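K.L.:
Quick one, run_28.pdb (PDB, C-alpha atoms):
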ATOM      1  CA  MET T   1      74.313 -22.211 -62.225
ATOM      2  CA  LYS T   2      71.294 -20.389 -63.613
ATOM      3  CA  THR T   3      67.808 -21.553 -62.663
ATOM      4  CA  THR T   4      64.721 -20.857 -64.617
ATOM      5  CA  ASP T   5      61.165 -20.362 -63.376
ATOM      6  CA  THR T   6      59.072 -23.227 -64.702
ATOM      7  CA  THR T   7      55.781 -21.801 -63.515
ATOM      8  CA  ALA T   8      53.724 -20.025 -66.087
ATOM      9  CA  PRO T   9      50.259 -18.531 -66.063
ATOM     10  CA  VAL T  10      47.685 -21.123 -66.943
ATOM     11  CA  PRO T  11      45.284 -19.838 -69.558
ATOM     12  CA  ALA T  12      41.627 -20.192 -68.744
ATOM     13  CA  GLU T  13      39.896 -22.934 -70.661
ATOM     14  CA  SER T  14      36.982 -22.131 -72.830
ATOM     15  CA  GLY T  15      33.804 -21.766 -70.790
ATOM     16  CA  ALA T  16      35.626 -21.804 -67.454
ATOM     17  CA  THR T  17      35.308 -18.986 -64.964
ATOM     18  CA  VAL T  18      38.203 -17.564 -63.034
ATOM     19  CA  SER T  19      37.322 -16.614 -59.471
ATOM     20  CA  LYS T  20      38.739 -13.485 -57.956
ATOM     21  CA  ILE T  21      40.009 -13.228 -54.417
ATOM     22  CA  ASP T  22      38.374 -10.289 -52.589
ATOM     23  CA  VAL T  23      40.860  -8.213 -50.692
ATOM     24  CA  PRO T  24      39.455  -6.795 -47.417
ATOM     25  CA  SER T  25      38.816  -3.087 -47.741
ATOM     26  CA  ALA T  26      39.962  -0.590 -45.164
ATOM     27  CA  ALA T  27      36.663   1.347 -45.374
ATOM     28  CA  PRO T  28      34.750  -0.757 -42.763
ATOM     29  CA  VAL T  29      37.638  -0.439 -40.319
ATOM     30  CA  LYS T  30      37.663   3.322 -40.804
ATOM     31  CA  GLU T  31      33.888   3.572 -40.374
ATOM     32  CA  LYS T  32      34.057   1.453 -37.233
ATOM     33  CA  LYS T  33      36.740   3.702 -35.772
ATOM     34  CA  GLU T  34      34.747   6.849 -36.610
ATOM     35  CA  GLY T  35      31.623   5.329 -35.069
ATOM     36  CA  ARG T  36      33.557   4.530 -31.896
ATOM     37  CA  VAL T  37      34.823   8.106 -31.632
ATOM     38  CA  LEU T  38      31.313   9.472 -32.173
ATOM     39  CA  ASN T  39      29.935   7.078 -29.561
ATOM     40  CA  VAL T  40      32.495   8.207 -26.984
ATOM     41  CA  PHE T  41      31.761  11.864 -27.761
ATOM     42  CA  SER T  42      27.991  11.430 -27.452
ATOM     43  CA  HIS T  43      28.289   9.514 -24.179
ATOM     44  CA  GLY T  44      30.646  12.160 -22.854
ATOM     45  CA  MET T  45      28.143  14.906 -23.668
ATOM     46  CA  LEU T  46      25.368  12.920 -21.963
ATOM     47  CA  VAL T  47      27.495  12.493 -18.843
ATOM     48  CA  LEU T  48      28.284  16.224 -18.831
ATOM     49  CA  TRP T  49      24.613  17.120 -19.271
ATOM     50  CA  ALA T  50      23.576  14.730 -16.480
ATOM     51  CA  PHE T  51      26.186  16.270 -14.193
ATOM     52  CA  MET T  52      24.910  19.789 -14.938
ATOM     53  CA  VAL T  53      21.324  18.754 -14.173
ATOM     54  CA  VAL T  54      21.839  16.495 -11.154
ATOM     55  CA  MET T  55      24.443  18.500  -9.250
ATOM     56  CA  PRO T  56      22.235  21.568  -8.535
ATOM     57  CA  LEU T  57      19.454  19.263  -7.326
ATOM     58  CA  LEU T  58      21.787  17.359  -5.024
ATOM     59  CA  TRP T  59      23.297  20.600  -3.771
ATOM     60  CA  ALA T  60      19.823  21.987  -2.937
ATOM     61  CA  VAL T  61      18.904  18.799  -1.049
ATOM     62  CA  MET T  62      22.211  18.847   0.827
ATOM     63  CA  THR T  63      21.826  22.542   1.710
ATOM     64  CA  SER T  64      18.314  22.006   3.073
ATOM     65  CA  PHE T  65      19.825  19.938   5.919
ATOM     66  CA  LYS T  66      22.387  22.586   6.932
ATOM     67  CA  ASP T  67      22.057  25.504   9.281
ATOM     68  CA  ASP T  68      22.454  29.095   8.081
ATOM     69  CA  SER T  69      26.079  29.451   9.208
ATOM     70  CA  ALA T  70      27.179  26.257   7.439
ATOM     71  CA  ILE T  71      25.474  27.355   4.191
ATOM     72  CA  PHE T  72      27.776  30.391   3.914
ATOM     73  CA  SER T  73      30.929  29.034   5.586
ATOM     74  CA  SER T  74      31.115  25.686   3.731
ATOM     75  CA  PRO T  75      28.574  25.677   0.896
ATOM     76  CA  TRP T  76      30.053  22.628  -0.891
ATOM     77  CA  ALA T  77      30.740  20.479   2.164
ATOM     78  CA  LEU T  78      28.432  17.793   3.474
ATOM     79  CA  PRO T  79      26.345  18.780   6.503
ATOM     80  CA  ASP T  80      27.958  17.778   9.782
ATOM     81  CA  LYS T  81      24.484  17.169  11.193
ATOM     82  CA  LEU T  82      21.097  16.679   9.562
ATOM     83  CA  HIS T  83      18.886  19.584  10.620
ATOM     84  CA  PHE T  84      15.395  18.206  10.121
ATOM     85  CA  ASP T  85      14.022  21.225  11.949
ATOM     86  CA  ASN T  86      14.533  23.194   8.721
ATOM     87  CA  TRP T  87      11.838  21.114   7.044
ATOM     88  CA  ALA T  88       9.528  21.330  10.061
ATOM     89  CA  ARG T  89       9.974  25.109  10.238
ATOM     90  CA  ALA T  90       9.265  25.555   6.528
ATOM     91  CA  TRP T  91       6.214  23.275   6.745
ATOM     92  CA  THR T  92       4.604  25.047   9.705
ATOM     93  CA  ASP T  93       5.963  28.583  10.058
ATOM     94  CA  ALA T  94       5.971  29.338   6.332
ATOM     95  CA  ASN T  95       2.506  27.774   5.820
ATOM     96  CA  MET T  96       3.860  25.334   3.278
ATOM     97  CA  SER T  97       1.198  22.827   4.335
ATOM     98  CA  ASP T  98      -1.602  25.193   3.235
ATOM     99  CA  TYR T  99       0.188  25.982  -0.015
ATOM    100  CA  PHE T 100       0.630  22.280  -0.699
ATOM    101  CA  LEU T 101      -3.051  21.567  -0.114
ATOM    102  CA  ASN T 102      -4.170  24.394  -2.385
ATOM    103  CA  THR T 103      -1.743  23.312  -5.087
ATOM    104  CA  ILE T 104      -2.888  19.688  -4.951
ATOM    105  CA  LEU T 105      -6.530  20.778  -5.258
ATOM    106  CA  VAL T 106      -5.848  23.104  -8.186
ATOM    107  CA  VAL T 107      -3.437  20.854 -10.090
ATOM    108  CA  GLY T 108      -5.428  17.677  -9.415
ATOM    109  CA  GLY T 109      -8.715  19.179 -10.589
ATOM    110  CA  SER T 110      -7.218  20.883 -13.618
ATOM    111  CA  LEU T 111      -5.232  17.786 -14.619
ATOM    112  CA  ILE T 112      -8.310  15.553 -14.547
ATOM    113  CA  GLY T 113     -10.388  18.102 -16.447
ATOM    114  CA  THR T 114      -7.652  18.660 -19.023
ATOM    115  CA  LEU T 115      -7.180  14.948 -19.742
ATOM    116  CA  VAL T 116     -10.916  14.208 -19.964
ATOM    117  CA  LEU T 117     -11.844  17.170 -22.162
ATOM    118  CA  GLY T 118      -8.627  17.051 -24.193
ATOM    119  CA  SER T 119      -8.900  13.323 -24.936
ATOM    120  CA  MET T 120     -12.555  13.655 -26.000
ATOM    121  CA  ALA T 121     -11.800  16.576 -28.321
ATOM    122  CA  ALA T 122      -8.708  14.883 -29.733
ATOM    123  CA  TYR T 123     -10.593  11.641 -30.402
ATOM    124  CA  VAL T 124     -13.320  13.449 -32.358
ATOM    125  CA  LEU T 125     -10.801  15.472 -34.367
ATOM    126  CA  ALA T 126      -8.708  12.387 -35.145
ATOM    127  CA  ARG T 127     -11.465   9.882 -35.977
ATOM    128  CA  PHE T 128     -14.355  11.811 -37.532
ATOM    129  CA  ASP T 129     -14.512  13.933 -40.666
ATOM    130  CA  PHE T 130     -16.973  16.820 -40.499
ATOM    131  CA  PRO T 131     -17.090  20.395 -41.822
ATOM    132  CA  GLY T 132     -14.748  22.588 -39.807
ATOM    133  CA  ASN T 133     -12.618  19.721 -38.485
ATOM    134  CA  ARG T 134      -9.323  21.185 -39.632
ATOM    135  CA  PHE T 135     -10.391  24.696 -38.653
ATOM    136  CA  ILE T 136     -11.064  23.635 -35.045
ATOM    137  CA  TYR T 137      -7.811  21.699 -34.970
ATOM    138  CA  PHE T 138      -5.820  24.725 -36.116
ATOM    139  CA  LEU T 139      -7.610  26.874 -33.533
ATOM    140  CA  PHE T 140      -6.127  24.633 -30.840
ATOM    141  CA  ILE T 141      -2.741  24.864 -32.542
ATOM    142  CA  GLY T 142      -3.051  28.661 -32.539
ATOM    143  CA  GLY T 143      -3.738  28.580 -28.807
ATOM    144  CA  MET T 144      -0.279  27.085 -28.272
ATOM    145  CA  SER T 145       1.382  30.058 -29.961
ATOM    146  CA  PHE T 146      -0.595  32.719 -28.104
ATOM    147  CA  PRO T 147       1.530  34.322 -25.350
ATOM    148  CA  ILE T 148      -0.150  34.170 -21.957
ATOM    149  CA  MET T 149       1.222  37.613 -21.110
ATOM    150  CA  LEU T 150      -1.057  39.196 -23.724
ATOM    151  CA  ALA T 151      -4.140  37.580 -22.186
ATOM    152  CA  LEU T 152      -3.565  38.432 -18.528
ATOM    153  CA  VAL T 153      -5.469  41.743 -18.442
ATOM    154  CA  PRO T 154      -8.586  40.620 -20.384
ATOM    155  CA  LEU T 155      -8.460  37.265 -18.565
ATOM    156  CA  PHE T 156      -8.516  39.082 -15.228
ATOM    157  CA  TYR T 157     -11.652  41.019 -16.173
ATOM    158  CA  VAL T 158     -13.379  37.944 -17.591
ATOM    159  CA  VAL T 159     -12.715  35.898 -14.453
ATOM    160  CA  ASN T 160     -13.738  38.830 -12.260
ATOM    161  CA  ASN T 161     -17.036  39.354 -14.128
ATOM    162  CA  MET T 162     -17.826  35.654 -13.755
ATOM    163  CA  GLY T 163     -17.278  35.863 -10.001
ATOM    164  CA  LEU T 164     -14.392  33.370 -10.092
ATOM    165  CA  LEU T 165     -11.595  35.662  -8.932
ATOM    166  CA  ASN T 166      -9.662  34.438  -5.868
ATOM    167  CA  THR T 167     -11.347  31.012  -6.001
ATOM    168  CA  ILE T 168      -9.925  27.527  -6.351
ATOM    169  CA  HIS T 169     -12.437  26.423  -9.000
ATOM    170  CA  GLY T 170     -11.830  29.587 -11.013
ATOM    171  CA  LEU T 171      -8.113  28.846 -11.106
ATOM    172  CA  ILE T 172      -8.871  25.251 -12.115
ATOM    173  CA  LEU T 173     -10.929  26.408 -15.106
ATOM    174  CA  VAL T 174      -8.169  28.779 -16.223
ATOM    175  CA  TYR T 175      -5.544  26.031 -15.919
ATOM    176  CA  ILE T 176      -7.717  23.709 -18.033
ATOM    177  CA  ALA T 177      -8.124  26.338 -20.743
ATOM    178  CA  TYR T 178      -4.404  27.056 -20.637
ATOM    179  CA  SER T 179      -3.429  23.368 -21.020
ATOM    180  CA  LEU T 180      -6.020  22.221 -23.576
ATOM    181  CA  PRO T 181      -4.238  23.352 -26.790
ATOM    182  CA  PHE T 182      -1.128  21.246 -26.232
ATOM    183  CA  THR T 183      -3.192  18.321 -24.916
ATOM    184  CA  VAL T 184      -5.437  18.250 -27.995
ATOM    185  CA  PHE T 185      -2.455  18.647 -30.314
ATOM    186  CA  PHE T 186      -0.569  15.771 -28.669
ATOM    187  CA  LEU T 187      -3.489  13.351 -28.319
ATOM    188  CA  THR T 188      -4.873  13.996 -31.809
ATOM    189  CA  ALA T 189      -1.648  12.698 -33.321
ATOM    190  CA  PHE T 190      -1.682   9.776 -30.879
ATOM    191  CA  PHE T 191      -5.283   8.711 -31.603
ATOM    192  CA  ARG T 192      -4.498   8.669 -35.321
ATOM    193  CA  THR T 193      -1.914   5.928 -34.706
ATOM    194  CA  LEU T 194      -4.394   3.599 -32.999
ATOM    195  CA  PRO T 195      -5.909   0.822 -35.171
ATOM    196  CA  THR T 196      -9.407   1.547 -36.477
ATOM    197  CA  SER T 197     -10.300  -2.142 -36.716
ATOM    198  CA  VAL T 198     -10.856  -2.380 -32.947
ATOM    199  CA  ALA T 199     -13.343   0.501 -32.946
ATOM    200  CA  GLU T 200     -15.102  -0.914 -36.015
ATOM    201  CA  ALA T 201     -15.446  -4.295 -34.295
ATOM    202  CA  ALA T 202     -16.989  -2.568 -31.271
ATOM    203  CA  PHE T 203     -19.508  -0.789 -33.498
ATOM    204  CA  VAL T 204     -20.438  -4.103 -35.140
ATOM    205  CA  ASP T 205     -21.070  -5.597 -31.689
ATOM    206  CA  GLY T 206     -23.495  -2.752 -30.948
ATOM    207  CA  ALA T 207     -21.327  -0.484 -28.803
ATOM    208  CA  SER T 208     -22.123   3.224 -28.876
ATOM    209  CA  HIS T 209     -19.587   5.941 -29.603
ATOM    210  CA  THR T 210     -19.402   6.825 -25.908
ATOM    211  CA  ARG T 211     -18.812   3.253 -24.793
ATOM    212  CA  THR T 212     -16.273   2.660 -27.569
ATOM    213  CA  PHE T 213     -14.320   5.731 -26.512
ATOM    214  CA  PHE T 214     -14.276   5.192 -22.745
ATOM    215  CA  GLN T 215     -13.949   1.393 -22.644
ATOM    216  CA  ILE T 216     -11.847   0.645 -25.717
ATOM    217  CA  MET T 217     -10.036   3.607 -27.258
ATOM    218  CA  LEU T 218      -9.156   5.465 -24.045
ATOM    219  CA  PRO T 219      -7.422   2.464 -22.416
ATOM    220  CA  MET T 220      -5.468   1.942 -25.645
ATOM    221  CA  ALA T 221      -4.300   5.558 -25.424
ATOM    222  CA  LYS T 222      -2.927   5.104 -21.894
ATOM    223  CA  PRO T 223       0.754   5.778 -22.843
ATOM    224  CA  GLY T 224      -0.207   9.013 -24.560
ATOM    225  CA  LEU T 225      -2.411  10.095 -21.650
ATOM    226  CA  ILE T 226       0.384   9.491 -19.154
ATOM    227  CA  SER T 227       2.899  11.394 -21.288
ATOM    228  CA  VAL T 228       0.733  14.468 -21.804
ATOM    229  CA  GLY T 229      -0.404  14.230 -18.174
ATOM    230  CA  ILE T 230       3.184  14.454 -16.951
ATOM    231  CA  PHE T 231       3.869  17.476 -19.152
ATOM    232  CA  ASN T 232       0.705  19.215 -17.943
ATOM    233  CA  PHE T 233       1.507  18.331 -14.350
ATOM    234  CA  LEU T 234       4.942  19.932 -14.651
ATOM    235  CA  GLY T 235       3.548  23.088 -16.219
ATOM    236  CA  GLN T 236       0.637  23.467 -13.822
ATOM    237  CA  TRP T 237       2.657  22.659 -10.702
ATOM    238  CA  ASN T 238       5.277  25.293 -11.597
ATOM    239  CA  GLN T 239       2.767  27.887 -12.829
ATOM    240  CA  TYR T 240       3.328  31.278 -11.223
ATOM    241  CA  MET T 241       1.990  34.008 -13.512
ATOM    242  CA  LEU T 242      -1.657  32.915 -13.595
ATOM    243  CA  PRO T 243      -2.167  32.455  -9.827
ATOM    244  CA  THR T 244      -0.332  35.715  -9.117
ATOM    245  CA  VAL T 245      -2.838  37.656 -11.251
ATOM    246  CA  LEU T 246      -6.005  35.654 -10.541
ATOM    247  CA  ASN T 247      -5.444  34.562  -6.943
ATOM    248  CA  THR T 248      -4.537  37.363  -4.562
ATOM    249  CA  ASP T 249      -6.178  35.836  -1.473
ATOM    250  CA  PRO T 250      -3.395  34.943   1.041
ATOM    251  CA  ASP T 251      -5.383  31.929   2.276
ATOM    252  CA  LYS T 252      -5.659  30.430  -1.219
ATOM    253  CA  ARG T 253      -2.127  30.829  -2.477
ATOM    254  CA  VAL T 254      -0.506  27.983  -4.335
ATOM    255  CA  LEU T 255       2.993  26.632  -3.802
ATOM    256  CA  THR T 256       4.813  28.920  -6.224
ATOM    257  CA  GLN T 257       3.300  31.986  -4.568
ATOM    258  CA  GLY T 258       4.279  30.628  -1.172
ATOM    259  CA  LEU T 259       7.883  30.086  -2.248
ATOM    260  CA  VAL T 260       8.108  33.643  -3.553
ATOM    261  CA  GLN T 261       6.672  34.916  -0.286
ATOM    262  CA  LEU T 262       9.155  32.792   1.651
ATOM    263  CA  ALA T 263      12.052  34.086  -0.464
ATOM    264  CA  ALA T 264      10.926  37.700  -0.012
ATOM    265  CA  SER T 265      10.835  37.283   3.751
ATOM    266  CA  GLN T 266      14.523  36.287   3.824
ATOM    267  CA  GLY T 267      15.488  39.946   3.604
ATOM    268  CA  TYR T 268      14.130  40.393   7.106
ATOM    269  CA  LYS T 269      14.576  36.971   8.760
ATOM    270  CA  GLY T 270      17.553  35.405   6.986
ATOM    271  CA  ASP T 271      16.114  31.863   7.219
ATOM    272  CA  TRP T 272      18.000  30.477   4.248
ATOM    273  CA  SER T 273      17.900  26.891   5.474
ATOM    274  CA  GLY T 274      14.105  27.051   5.668
ATOM    275  CA  LEU T 275      14.008  28.483   2.138
ATOM    276  CA  PHE T 276      16.027  25.576   0.747
ATOM    277  CA  ALA T 277      13.836  23.114   2.642
ATOM    278  CA  GLY T 278      10.722  24.645   1.097
ATOM    279  CA  LEU T 279      12.353  24.567  -2.335
ATOM    280  CA  VAL T 280      13.114  20.860  -2.031
ATOM    281  CA  MET T 281       9.550  20.219  -0.820
ATOM    282  CA  ALA T 282       8.193  21.813  -3.986
ATOM    283  CA  MET T 283      10.648  19.879  -6.151
ATOM    284  CA  LEU T 284      10.125  16.369  -4.757
ATOM    285  CA  PRO T 285       6.552  15.685  -6.043
ATOM    286  CA  VAL T 286       7.495  16.612  -9.607
ATOM    287  CA  LEU T 287      10.686  14.551  -9.477
ATOM    288  CA  ALA T 288       8.877  11.564  -7.982
ATOM    289  CA  ALA T 289       6.124  11.706 -10.623
ATOM    290  CA  TYR T 290       8.651  11.670 -13.436
ATOM    291  CA  ILE T 291      10.691   8.833 -11.897
ATOM    292  CA  VAL T 292       7.581   6.662 -11.456
ATOM    293  CA  PHE T 293       6.171   7.280 -14.953
ATOM    294  CA  GLN T 294       9.366   7.710 -16.967
ATOM    295  CA  ARG T 295       8.839   4.494 -18.949
ATOM    296  CA  GLN T 296       5.284   5.465 -19.857
ATOM    297  CA  VAL T 297       6.457   8.916 -20.919
ATOM    298  CA  VAL T 298       9.011   7.418 -23.328
ATOM    299  CA  GLN T 299       6.428   4.939 -24.657
ATOM    300  CA  GLY T 300       3.922   7.719 -25.266
ATOM    301  CA  LEU T 301       6.464   9.900 -27.089
ATOM    302  CA  THR T 302       7.691   7.078 -29.333
ATOM    303  CA  ALA T 303       4.408   5.231 -29.925
ATOM    304  CA  GLY T 304       3.538   7.306 -32.972
ATOM    305  CA  ALA T 305       6.886   6.563 -34.587
ATOM    306  CA  LEU T 306       6.670   2.828 -33.949
ATOM    307  CA  LYS T 307       3.164   2.278 -35.315
TER
END
Can you present the structure in this file as structure tokens?

P.N.:
Amino acid sequence: MKTTDTTAPVPAESGATVSKIDVPSAAPVKEKKEGRVLNVFSHGMLVLWAFMVVMPLLWAVMTSFKDDSAIFSSPWALPDKLHFDNWARAWTDANMSDYFLNTILVVGGSLIGTLVLGSMAAYVLARFDFPGNRFIYFLFIGGMSFPIMLALVPLFYVVNNMGLLNTIHGLILVYIAYSLPFTVFFLTAFFRTLPTSVAEAAFVDGASHTRTFFQIMLPMAKPGLISVGIFNFLGQWNQYMLPTVLNTDPDKRVLTQGLVQLAASQGYKGDWSGLFAGLVMAMLPVLAAYIVFQRQVVQGLTAGALK
């Protein structure tokens, strides 16, 4: 028996609309899968990079607690005993305490001077229009591109003629001059992101330019100051070329000079455990400063993009 299909397409009435059923597209699924693969790849690269950075630091810390024989016989094994005498020997016999004190004096003084002078110059360049504004700004930018190696010989004679050679305050002034270009460049861009209405309200209330800067604008620029301060601290703490040329007095050596002297003496003494202990001593203040202020550093770097 033959059956017939009684269903037929119903024509659309006049004025009626026929709705279409949207079929899910495969494009979002494909994009989601590609995004997942990219996410796994990026996280894998971050893990690999973290491993490459952290492992040498951990290995240096671990080696600083070993004796000399264990360093060469089992360099990758954990120390069987913590030799704290390595740290005591590096602190006293290698004069690391004197190097630390000199470095704190130089870096502390230069860091304060750099932030005060750099923030004042950056605020003026960012907030006031006057003849030569852009010229002065580009002079600071040019200072960032000038190699320090080309300035060592004339800098030596200038510092010597001023009577500042082999002095702590002379090295502080050179560090400030060396760090000002980047500080002004960084803070000028940061001060431009701050709202002008707050400063205008302070002027209406009778505040002077000095009071407005130190009591209102400078506290608002705290994230930027911390960020550029950390960068300057890293550069000044690890500076070796400038103190080597301008500071030849053995009693006024900074930490980098002391580490080089300690490493050079290993050819005669073979105190490798003391060398690693001194290396970790020099590394810990920088690492601690970054760990404490890491949030402020990120805020200062991203504040300009979020304004």

K.L.:
Let me make sure I understand: among T:Leu150, T:Ala60, T:Ala282, T:Val174, which one has the smallest atom-to-atom distance to Gly109 of chain T if we use only C-alpha atoms?

P.N.:
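Comparing T:Leu150, T:Ala60, T:Ala282, T:Val174 against Gly109 of chain T, the winner is T:Val174.
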
K.L.:
Please evaluate the PyMOL selection byres ((chain T and resi 198-205) around 12) against the displayed coordinates and give the resulting residues as a ChimeraX atom specification.

P.N.:
/T:123,127,191,194-197,206-218,220

K.L.:
Quick one: residues within 10 Å of His169 of chain T, all atoms listed in the file counted, chain neighbours fewer than 5 positions away excluded, as a list in words?

P.N.:
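That gives Leu105, Val106, Gly109, Ser110, Leu164, Val174 and Tyr175 of chain T.
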
K.L.:
To verify the selection step, state as a ChimeraX atom specification which residues the PyMOL selection byres ((chain T and resi 75-91) around 10) yields on this input.

P.N.:
/T:59,62-74,92-100,259,262,271-281

K.L.:
Quick one, how far is atom CA of Met241 of chain T from atom CA of Asn161 of chain T?

P.N.:
19.8 Å

K.L.:
Identify, on the basis of all atoms listed in the file, every residue whose closest approach to segment 293-298 of chain T does not exceed 8 Å; exclude the query and any residue fewer than 5 positions from it along the same chain; express the result as a PDB file with C-alpha atoms, in the frame of the given file.

P.N.:
ATOM      1  CA  PRO T 223       0.754   5.778 -22.843  1.00  0.00           C
ATOM      2  CA  GLY T 224      -0.207   9.013 -24.560  1.00  0.00           C
ATOM      3  CA  ILE T 226       0.384   9.491 -19.154  1.00  0.00           C
ATOM      4  CA  SER T 227       2.899  11.394 -21.288  1.00  0.00           C
ATOM      5  CA  ILE T 230       3.184  14.454 -16.951  1.00  0.00           C
TER       6      ILE T 230
END

K.L.:
Which of these residues is nearest to Leu171 of chain T, using only C-alpha atoms: T:Ala221, T:Ala122, T:Val61, T:Leu111?

P.N.:
T:Leu111

K.L.:
To test your reading of the syntax: which residues would the PyMOL selection byres ((chain T and resi 238) around 12) return for the file shown? Reply as a PyMOL selection string.

P.N.:
chain T and resi 103-104+106-107+175+231-237+239-243+254-260+279+282-283+285-286

K.L.:
With all atoms listed in the file as the basis for distance, which of T:Leu180, T:Leu187, T:Leu165, T:Ala50 is at the shortest distance from Lys222 of chain T?

P.N.:
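Of T:Leu180, T:Leu187, T:Leu165, T:Ala50, the one nearest Lys222 of chain T, counting all atoms listed in the file, is T:Leu187.
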
K.L.:
Atom CA of Phe146 of chain T and atom CA of Gly118 of chain T, how far apart in Å?

P.N.:
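Straight-line distance from atom CA of Gly118 of chain T to atom CA of Phe146 of chain T works out to 18.0 Å.
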
K.L.:
Suppose you want the space between atom CA of Ser42 of chain T and atom CA of Phe186 of chain T; what is it in Å?

P.N.:
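Result for atom CA of Ser42 of chain T versus atom CA of Phe186 of chain T: 28.9 Å, one decimal.
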